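Peer 1: Structure in structure tokens, see below.
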Amino acid sequence: MTPARAKIERYEAATISVLAVQVRGLLDAGGLCVLPTESFYGLAAAPFNEQALARLWRVKGRSEGKPILLLIGEQSQLAPLVQAIPPAATVLMKAFWPGPLTIIFSAAVALPSAVTAGTGSVGIRLSACHSLINLLRLIGPVTGTSANREGLAPPIMAEDVQANLGEEVDLIVDAGPTPGGRPSTVVDVQGPIRIVREGAIARGVIAQELAAHGLQLEAVS
């Protein structure tokens, strides 16, 4: 039997509460939803649902050892996901969130290894995508890995997701084309502050903000 195609729901700010109930119900049941971000469409699962995370790994064809990014809708959602919020994280969140900055924290003990890939760390971002923020404020944190199989280009259109993953996911929230462009900059604040990946926010901008608060970015080796 041919698997069912994912349902596409058009994002409408006027009906956000209704959409949030639908998305939350699917995530609580172990479902996979596709949501817009400030760059590409992302594959959303509930971060504490082991069954959903295993399904996400299968759909992505995710390589072992690669942690899964989490997205939040407001900073109050951060606490259950991390062990602590270092001073550098506070500085960076104030300066660059919402925005294309992923911060790597020491993961909360309860966070599944399917998220951390056994690293004990978790990358978290508060996206600048208003449609996503509005949803996540109502439904809480979700995974945010791009909605494509590993090795393929991340999608900027809901139709692209439907064509490639439509039989693998349960719902696609269509907010129109996403901007694409460079991925988020990734900064690890667990020890010496270091840039893991330079992306939309330049290294010099990060370094300048940290220096203004007496903090130093680790030099490039």
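Residues are named by chain letter and number: chains run A, B, ... in the order of the structure tokens, numbers start at 1 in each chain, and ligands are numbered from 1 in the order shown.
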Which neighbours of Leu19 of chain A fall inside 12 Å, counting only C-alpha atoms, when residues of the same chain fewer than 6 positions from it are skipped, and could you give them as a count of residues only?

Peer 2: 21

Peer 1: Among segment 5-220 of chain A, which ones does DSSP place in helix (DSSP H, G or I), written as an MDAnalysis selection string?

Peer 2: chainID A and resid 13:28 50:60 75:77 79:81 87:96 113:116 130:139 158:165 203:211

Peer 1: So what do you get for atom CA of Leu165 of chain A versus atom CA of Ala29 of chain A, distance-wise?

Peer 2: 19.0 Å

Peer 1: Report, in Å to a single decimal, how far apart atom CA of Gly73 of chain A and atom CA of Ala175 of chain A are.

Peer 2: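 According to the coordinates, atom CA of Ala175 of chain A and atom CA of Gly73 of chain A are separated by 16.5 Å.
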
Peer 1: Which residues are near segment 101-116 of chain A? Cut-off 6 Å, only C-alpha atoms, ignore same chain within fewer than 3 positions. Put them as a VMD selection string.

Peer 2: chain A and resid 67 to 68 81 to 83 119 to 125 184 to 188 190

Peer 1: Next, the residues of the selection above should be written as a compact mmCIF listing (two decimals), in the first residue's frame with N, CA and C atoms.

Peer 2:
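And here's again-v3.txt as it stands now:
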# COMPACT_ATOMS: atom_id res chain seq x y z
N PRO A 67 24.83 15.44 16.39
CA PRO A 67 23.69 15.85 17.23
C PRO A 67 22.62 16.54 16.41
N ILE A 68 21.43 16.64 17.00
CA ILE A 68 20.29 17.27 16.35
C ILE A 68 20.05 18.65 16.99
N LEU A 81 16.33 22.13 28.80
CA LEU A 81 17.15 21.50 27.77
C LEU A 81 18.64 21.50 28.10
N VAL A 82 19.06 22.33 29.06
CA VAL A 82 20.48 22.53 29.33
C VAL A 82 20.80 22.37 30.80
N GLN A 83 22.09 22.12 31.08
CA GLN A 83 22.51 22.01 32.48
C GLN A 83 22.73 23.38 33.11
N THR A 119 27.14 13.08 22.77
CA THR A 119 28.17 14.09 23.01
C THR A 119 28.00 14.80 24.36
N GLY A 120 26.81 14.72 24.93
CA GLY A 120 26.53 15.47 26.14
C GLY A 120 26.29 16.94 25.87
N SER A 121 26.19 17.32 24.60
CA SER A 121 26.00 18.71 24.20
C SER A 121 24.76 18.84 23.33
N VAL A 122 24.22 20.06 23.30
CA VAL A 122 23.07 20.31 22.46
C VAL A 122 23.14 21.72 21.89
N GLY A 123 22.89 21.84 20.59
CA GLY A 123 22.83 23.14 19.93
C GLY A 123 21.40 23.66 19.92
N ILE A 124 21.22 24.92 20.31
CA ILE A 124 19.89 25.50 20.42
C ILE A 124 19.86 26.86 19.74
N ARG A 125 18.74 27.15 19.07
CA ARG A 125 18.59 28.43 18.39
C ARG A 125 17.19 29.00 18.62
N SER A 184 23.14 29.10 10.11
CA SER A 184 23.45 29.83 11.33
C SER A 184 24.91 29.67 11.72
N THR A 185 25.44 30.67 12.39
CA THR A 185 26.75 30.55 13.02
C THR A 185 26.58 29.71 14.29
N VAL A 186 27.53 28.81 14.54
CA VAL A 186 27.44 27.91 15.70
C VAL A 186 28.58 28.22 16.66
N VAL A 187 28.24 28.53 17.91
CA VAL A 187 29.22 28.88 18.92
C VAL A 187 29.08 27.94 20.12
N ASP A 188 30.18 27.35 20.53
CA ASP A 188 30.22 26.46 21.69
C ASP A 188 30.65 27.28 22.91
N GLN A 190 30.61 25.90 26.16
CA GLN A 190 30.77 24.99 27.29
C GLN A 190 32.10 25.16 28.03

Peer 1: In Å, how far is it from atom CA of Tyr41 of chain A to atom CA of Leu92 of chain A?

Peer 2: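 If I compute the distance from atom CA of Tyr41 of chain A to atom CA of Leu92 of chain A, I get 24.2 Å.
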
Peer 1: I need the residues of chain A that end up classed as strand (DSSP E or B) by DSSP on the backbone, written out as a PyMOL selection string.

Peer 2: chain A and resi 7-10+33-36+41-44+70-72+82+101-107+121-126+142-143+145-146+171-174+185-188+193-197+217

Peer 1: Write the residues of the selection above to a file with C-alpha atoms, as a tab-separated table (two decimals), in the first residue's frame.

Peer 2:
chain	number	residue	atom	x	y	z
A	7	LYS	CA	-0.98	17.18	4.74
A	8	ILE	CA	0.04	20.77	3.93
A	9	GLU	CA	-1.37	23.52	6.11
A	10	ARG	CA	-0.88	27.14	5.06
A	33	CYS	CA	6.13	18.00	11.14
A	34	VAL	CA	7.93	20.32	8.75
A	35	LEU	CA	8.15	23.96	9.84
A	36	PRO	CA	9.65	27.10	8.26
A	41	TYR	CA	12.34	24.28	6.16
A	42	GLY	CA	13.12	22.16	9.22
A	43	LEU	CA	12.07	18.71	10.39
A	44	ALA	CA	10.35	18.97	13.77
A	70	LEU	CA	16.78	22.21	18.78
A	71	LEU	CA	14.63	25.29	18.19
A	72	ILE	CA	12.85	27.30	20.89
A	82	VAL	CA	20.48	22.53	29.33
A	101	LEU	CA	23.00	31.93	15.95
A	102	THR	CA	23.11	28.39	17.31
A	103	ILE	CA	24.63	28.09	20.79
A	104	ILE	CA	26.04	24.78	22.02
A	105	PHE	CA	25.30	24.08	25.70
A	106	SER	CA	25.92	21.17	28.04
A	107	ALA	CA	22.75	19.15	27.55
A	121	SER	CA	26.00	18.71	24.20
A	122	VAL	CA	23.07	20.31	22.46
A	123	GLY	CA	22.83	23.14	19.93
A	124	ILE	CA	19.89	25.50	20.42
A	125	ARG	CA	18.59	28.43	18.39
A	126	LEU	CA	15.85	31.03	18.80
A	142	VAL	CA	11.29	21.01	18.65
A	143	THR	CA	14.11	19.56	16.60
A	145	THR	CA	17.40	19.80	11.42
A	146	SER	CA	16.74	20.70	7.77
A	171	LEU	CA	2.30	17.65	8.30
A	172	ILE	CA	4.00	20.46	6.38
A	173	VAL	CA	3.37	24.02	7.53
A	174	ASP	CA	3.64	26.19	4.43
A	185	THR	CA	26.75	30.55	13.02
A	186	VAL	CA	27.44	27.91	15.70
A	187	VAL	CA	29.22	28.88	18.92
A	188	ASP	CA	30.22	26.46	21.69
A	193	ILE	CA	34.30	30.05	23.69
A	194	ARG	CA	34.81	28.85	20.14
A	195	ILE	CA	33.13	29.06	16.77
A	196	VAL	CA	32.26	25.61	15.47
A	197	ARG	CA	30.83	26.93	12.20
A	217	LEU	CA	36.68	34.13	21.69

Peer 1: Of the residues A:Gly31, A:Trp97, A:Arg149, A:Glu74, which is the one nearest to Ala54 of chain A, using only C-alpha atoms?

Peer 2: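 Between A:Gly31, A:Trp97, A:Arg149, A:Glu74, the residue approaching Ala54 of chain A most closely is A:Gly31.
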